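Below: one structure, written as structure tokens.
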Amino acid sequence: MGFEELLDQVGGFGPFQLRNLVLLALARMMLPMHFLLPIFLAAVPAHRCALPGIPANFSHQDTWLEGHLPREPDGKLSSCLRFTHPQAPPNTTLGEEGQSPGELQGEPSIVPCPQGWEFNRSEFSSTIATEWDLVCEQKGLNRATSTFFFAGVLVGAVAFGYLSDRFGRRRLLLVAYVSALVMGLVSAASVSYIMFVITRTLTGTALAGFTIIVMPLELEWLDVGHRTVAGVLSSTFWTGGVMLLALVGYLIRDWRWLLLAVTLPCAPGILTLWWVPESARWLLTQGRVEEARRYLLRCARLNGRTVDEDSLSLEALREVAAGERVVRRPSYLDLFRTPRLRNISLCCMVVWFSVNFSYYGLSLDVSGLGLNVYQTQLLFGAVELPAKLLTYLSVRHAGRRLTQAGTLLGTALTLCGRLLVSSERVSWSTALAVIGKGFSEAAFTTVYLFTSELYPTVLRQTGMGLTALVGRLGGSLAPLVALLDGVWLPLPKLTYGGIALLAACTALLLPETRQAQLPETIQDVERKSAPSSLQEEEMPMKQVHD
């Protein structure tokens with residue numbers, strides 16, 4: 001008897017599983033509030049060079065500013081440069097600094113802002129850009145904060161994926177909650193840019209535990225028929241977090257208090273772990289039969305199932321565990337030792353990189369859409385709801401593979417389509433951006449479900465950790481690619497779209513998992529393509545048989 005038969009007896013979808021989804025909802029809602037936080041945290045308000053001595057009663061301030069600030073090629077006053085000597089327009093004076101036109105011969109010289117910047121604080125009272133002057137020549141440092149954060153998530157994905165396979169999902173989720181709370185509080189109290197970058201990187205490392213642990217912890221308690229609906233349902237909490245971030249960002253305009261507001265929910269999250277069950281699948285793979293039996297009986301009780309004592313006896317569970325237990329701990333090399341797993345791992349790495357790369361490239365670019373940052377964020381969150389509904393219908397009828405490829409293709413087409421729309425047609429550009437955001441979110445929803453179903457139980461967390469690592473690499477590079485607009489304006493969108501198109505083709509190389517039982521061992525994965533070969537080959541992760 002396998003685990004799927006055990007799950008059928010205790011109930012593969014019922015109050016027990018629904019309670020599990022609700023208890024883990026907080027972790028899912030917190031993720032986008034941190035991952036997309038730079039939209040508000042690192043926002044760059046309108047700014048110009050600090051110009052001392054502006055006459056308080058001067059009625060033509062624009063004219064006065066023209067005498068101090070050069071114009072950019074687009075006709076706007078420069079945000080990063082000023083004249084060395086003020087240029088006096090006809091019939092005006094500039095106070096003590098002013099010089100007559102005869103004093104300035106030839107081309108006026110310009111210099112970077114020597115006395116800092118003045119920021120328009122009508123939209124944001126404080127951001128890290130205004131706190132540490134991360135503008136103009138330092139704007140790369142502002143973008144780099146997102147890169148460092150996702151680099152931390154990348155490292156955390158490796159660590160939590162490996163450690164949760166060794167020590168359990170529930171225990172490592174507690175570590176993630178506590179670490180995220182501590183690092184978030186310290187980050188909000190940062191006194192320098194370096195301190196902020198370090199603490200945000202460590203916060204990203206802690207939050208990676210949520211991304212790696214929550215989905216498999218939900219999935220491993222679900223039967224085959226309800227995995228899709230539960231996966232899409234739980235992913236709506238991410239959308240709730242995206243929309244909630246728009247509200248919180250609107251209400252809290254100071255970056256320190258905003259960071260504090262999105263970090264404090266970790267405290268009640270720690271308390272919810274008292275009721276979150278450990279994965280019985282994982283417990284059986286570790287030979288911890290008594291603990292698995294306790295959770296299975298609790299599942300049956302909450303689901304209102306009457307269970308035959310013989311089927312859940314320690315002897316029966318030991319027989320199930322005998323086929324699950326592994327002699328040694330899994331390693332990342334195990335993901336590449338056999339042909340089918342190697343193909344799955346390589347393809348998933350490409351898909352995860354692209355999904356993260358295009359999603360965060362789209363999500364963090366909220367400028368030039370004719371809306372303010374709060375309206376754009378709310379609209380980007382709202383479009384995810386119909387995207388998830390379409391994802392649910394598509395994965396059930398078209399399958400995981402075609403859905404993954406189709407959503408990535410849609411993302412690529414909308415990104416490239418925006419390049420064909422003139423800058424005057426803002427509404428068209430906005431519509432394409434919103435549609436593209438919907439496609440990218442659908443790709444994100446699909447990839448979590450798809451990847452979890454591709455890997456066997458003994459390697460599921462390790463596989464999720466590796467693919468998430470590569471995905472976070474894509475997420476960390478996405479903010480830096482936006483700087484390529486200084487080389488050629490369309491280059492960032494072409495890069496995002498090209499990578500998404502490549503991943504759409506790669507997704508077609510993965511096997512379909514619709515209506516398939518979750519594989520328990522490496523043999524289960526390989527047997528689907530070449531059952532006879534496994535009888536001749538010694539598997540790297542041997543099982544213990546009676």
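Ligands are numbered from 1 in the order shown, residues from 1 within each chain, and chains are lettered A, B, ... in the order they appear in the structure tokens.
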Using only C-alpha atoms, which protein or nucleic acid residues come within 10 Å of A:Trp282? Drop anything in the same chain fewer than 2 positions from it, and give the result as a list in words.
Ser164, Asp165, Arg166, Phe167, Gly168, Arg169, Leu217, Glu220, Glu278, Ser279, Ala280, Leu284, Thr285, Gln286, Gly287, Arg288, Ala292, Ala321, Glu324, Arg325, Thr457, Val458, Arg460, Gln461 and Glu520 of chain A
Select, from A:Ile39, A:Ala27, A:Val307, A:Val525, the residue with the minimum atom-to-atom distance to A:Ala246, counting only C-alpha atoms.
A:Ile39
Excluding A:Thr495 and any residue of its chain fewer than 4 positions from it, enumerate the residues within 12 Å of it, using only C-alpha atoms, and give them as a VMD selection string.
chain A and resid 354 357 to 358 361 to 362 412 415 to 416 419 474 477 to 478 480 to 485 488 to 491 499 to 502
Show which residues sit within 12 Å of stretch 389-397 of chain A, as a ChimeraX atom specification. Count only C-alpha atoms, and ignore same-chain residues fewer than 6 positions away.
/A:224-236,239,383,403-407,438-447,449-450,512-516
List the spatial neighbours of stretch 373-377 of chain A as a ChimeraX atom specification - criterion: any atom at most 9 Å away, only C-alpha atoms, same-chain residues fewer than 3 positions off excluded.
/A:39-40,242-243,245-247,249-250,363,366-367,369-370,380-382,434
Expressed in Å, the length from atom CA of A:Arg318 to atom CA of A:Gly161 is 26.0 Å
To one decimal place in Å, what is the distance between atom CA of A:Trp274 and atom CA of A:Ala300?
18.7 Å
Restricting to only C-alpha atoms, whichever of A:Phe196, A:Leu273, A:Thr203, A:Leu259 is closest to A:Leu173 is A:Leu273
If you count only C-alpha atoms, the residue of A:Leu314, A:Leu378, A:Leu51, A:Val158 closest to A:Gly241 turns out to be A:Leu378
Tell me which protein, DNA and RNA residues are within 9 Å of A:Ile212, counting only C-alpha atoms, leaving out same-chain ones fewer than 4 positions away, and put them as a list of chain:residue names.
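Listed by chain and then number, they are A:Gly156, A:Ala157, A:Phe160, A:Gly161, A:Ser164, A:Ala208, A:Pro216, A:Gln461, A:Met464, A:Gly465, A:Ala468.
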List the spatial neighbours of A:Phe210 as a PyMOL selection string - criterion: any atom at most 10 Å away, only C-alpha atoms, same-chain residues fewer than 5 positions off excluded.
chain A and resi 24+26-28+30-31+156-157+160+172-174+176-177+180+205+215
Export N, CA, C and O atoms of the chosen residues as a PDB file, in the first residue's frame?
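Generated output (again-v1.pdb):
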ATOM      1  N   LEU A  24      -1.389  28.636   6.582  1.00  0.00           N
ATOM      2  CA  LEU A  24      -0.198  29.015   5.821  1.00  0.00           C
ATOM      3  C   LEU A  24      -0.437  30.231   4.926  1.00  0.00           C
ATOM      4  O   LEU A  24       0.471  30.664   4.207  1.00  0.00           O
ATOM      5  N   LEU A  26      -0.872  33.351   5.774  1.00  0.00           N
ATOM      6  CA  LEU A  26      -0.138  34.544   6.200  1.00  0.00           C
ATOM      7  C   LEU A  26       1.245  34.589   5.557  1.00  0.00           C
ATOM      8  O   LEU A  26       1.697  35.646   5.104  1.00  0.00           O
ATOM      9  N   ALA A  27       1.910  33.436   5.521  1.00  0.00           N
ATOM     10  CA  ALA A  27       3.230  33.389   4.885  1.00  0.00           C
ATOM     11  C   ALA A  27       3.136  33.768   3.414  1.00  0.00           C
ATOM     12  O   ALA A  27       3.989  34.494   2.881  1.00  0.00           O
ATOM     13  N   ARG A  28       2.098  33.294   2.748  1.00  0.00           N
ATOM     14  CA  ARG A  28       1.932  33.606   1.321  1.00  0.00           C
ATOM     15  C   ARG A  28       1.651  35.091   1.107  1.00  0.00           C
ATOM     16  O   ARG A  28       2.112  35.684   0.136  1.00  0.00           O
ATOM     17  N   MET A  30       2.640  37.562   3.029  1.00  0.00           N
ATOM     18  CA  MET A  30       3.803  38.370   3.378  1.00  0.00           C
ATOM     19  C   MET A  30       4.835  38.409   2.262  1.00  0.00           C
ATOM     20  O   MET A  30       5.568  39.395   2.120  1.00  0.00           O
ATOM     21  N   LEU A  31       4.921  37.350   1.481  1.00  0.00           N
ATOM     22  CA  LEU A  31       5.955  37.284   0.444  1.00  0.00           C
ATOM     23  C   LEU A  31       5.897  38.446  -0.549  1.00  0.00           C
ATOM     24  O   LEU A  31       6.903  39.132  -0.750  1.00  0.00           O
ATOM     25  N   GLY A 156      19.030  31.542   0.419  1.00  0.00           N
ATOM     26  CA  GLY A 156      18.060  30.912   1.315  1.00  0.00           C
ATOM     27  C   GLY A 156      17.335  29.753   0.666  1.00  0.00           C
ATOM     28  O   GLY A 156      16.998  28.768   1.334  1.00  0.00           O
ATOM     29  N   ALA A 157      17.087  29.856  -0.645  1.00  0.00           N
ATOM     30  CA  ALA A 157      16.410  28.767  -1.343  1.00  0.00           C
ATOM     31  C   ALA A 157      17.236  27.491  -1.282  1.00  0.00           C
ATOM     32  O   ALA A 157      16.696  26.393  -1.082  1.00  0.00           O
ATOM     33  N   PHE A 160      17.273  26.356   2.703  1.00  0.00           N
ATOM     34  CA  PHE A 160      16.014  25.836   3.218  1.00  0.00           C
ATOM     35  C   PHE A 160      15.553  24.598   2.456  1.00  0.00           C
ATOM     36  O   PHE A 160      14.933  23.701   3.039  1.00  0.00           O
ATOM     37  N   LEU A 172      11.711  24.030   9.992  1.00  0.00           N
ATOM     38  CA  LEU A 172      12.420  25.058   9.222  1.00  0.00           C
ATOM     39  C   LEU A 172      11.531  26.265   8.922  1.00  0.00           C
ATOM     40  O   LEU A 172      12.033  27.382   8.758  1.00  0.00           O
ATOM     41  N   LEU A 173      10.209  26.057   8.854  1.00  0.00           N
ATOM     42  CA  LEU A 173       9.313  27.192   8.673  1.00  0.00           C
ATOM     43  C   LEU A 173       9.345  28.091   9.900  1.00  0.00           C
ATOM     44  O   LEU A 173       9.271  29.328   9.780  1.00  0.00           O
ATOM     45  N   LEU A 174       9.479  27.515  11.075  1.00  0.00           N
ATOM     46  CA  LEU A 174       9.637  28.309  12.297  1.00  0.00           C
ATOM     47  C   LEU A 174      10.919  29.135  12.234  1.00  0.00           C
ATOM     48  O   LEU A 174      10.922  30.330  12.584  1.00  0.00           O
ATOM     49  N   ALA A 176      12.377  30.198   9.588  1.00  0.00           N
ATOM     50  CA  ALA A 176      12.160  31.258   8.607  1.00  0.00           C
ATOM     51  C   ALA A 176      11.375  32.416   9.203  1.00  0.00           C
ATOM     52  O   ALA A 176      11.715  33.592   8.999  1.00  0.00           O
ATOM     53  N   TYR A 177      10.314  32.112   9.937  1.00  0.00           N
ATOM     54  CA  TYR A 177       9.500  33.169  10.559  1.00  0.00           C
ATOM     55  C   TYR A 177      10.323  34.004  11.534  1.00  0.00           C
ATOM     56  O   TYR A 177      10.296  35.245  11.487  1.00  0.00           O
ATOM     57  N   ALA A 180      13.043  36.117   9.712  1.00  0.00           N
ATOM     58  CA  ALA A 180      12.463  37.230   8.953  1.00  0.00           C
ATOM     59  C   ALA A 180      12.024  38.350   9.887  1.00  0.00           C
ATOM     60  O   ALA A 180      12.202  39.539   9.580  1.00  0.00           O
ATOM     61  N   THR A 205      17.047  36.019   2.675  1.00  0.00           N
ATOM     62  CA  THR A 205      17.438  34.638   2.964  1.00  0.00           C
ATOM     63  C   THR A 205      16.386  33.947   3.821  1.00  0.00           C
ATOM     64  O   THR A 205      16.030  32.789   3.581  1.00  0.00           O
ATOM     65  N   MET A 215       4.471  25.614  -0.173  1.00  0.00           N
ATOM     66  CA  MET A 215       3.776  24.887  -1.236  1.00  0.00           C
ATOM     67  C   MET A 215       3.850  23.367  -1.050  1.00  0.00           C
ATOM     68  O   MET A 215       2.814  22.683  -1.065  1.00  0.00           O
TER      69      MET A 215
END
Looking at A:Pro492, A:Gly12, A:Gly417, A:Gly463, which one is nearest to A:Asp223, with distances taken over only C-alpha atoms?
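Closest residue, counting only C-alpha atoms: A:Gly12.
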Report the residues of stretch 177-344 of chain A whose backbone DSSP state falls under alpha helix (DSSP H), written as a ChimeraX atom specification.
/A:177-188,193-219,227-251,255-263,266-272,280-285,289-302,314-324,339-344
Can you work out the spacing between atom CA of A:Leu41 and atom CA of A:Asn356 in Å, to one decimal?
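Taking atom CA of A:Leu41 as the start and atom CA of A:Asn356 as the end point, the length is 20.1 Å.
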Out of A:Leu65, A:Leu466, A:Leu283, A:Leu518, which residue has the shortest atom-to-atom distance to A:Val155 when counting only C-alpha atoms?
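Residue with the minimum atom-to-atom distance to A:Val155: A:Leu466.
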In terms of the shortest atom-to-atom distance over only C-alpha atoms, which of A:Trp352, A:Phe3, A:Tyr193, A:Phe148 is closest to A:Thr451?
A:Trp352
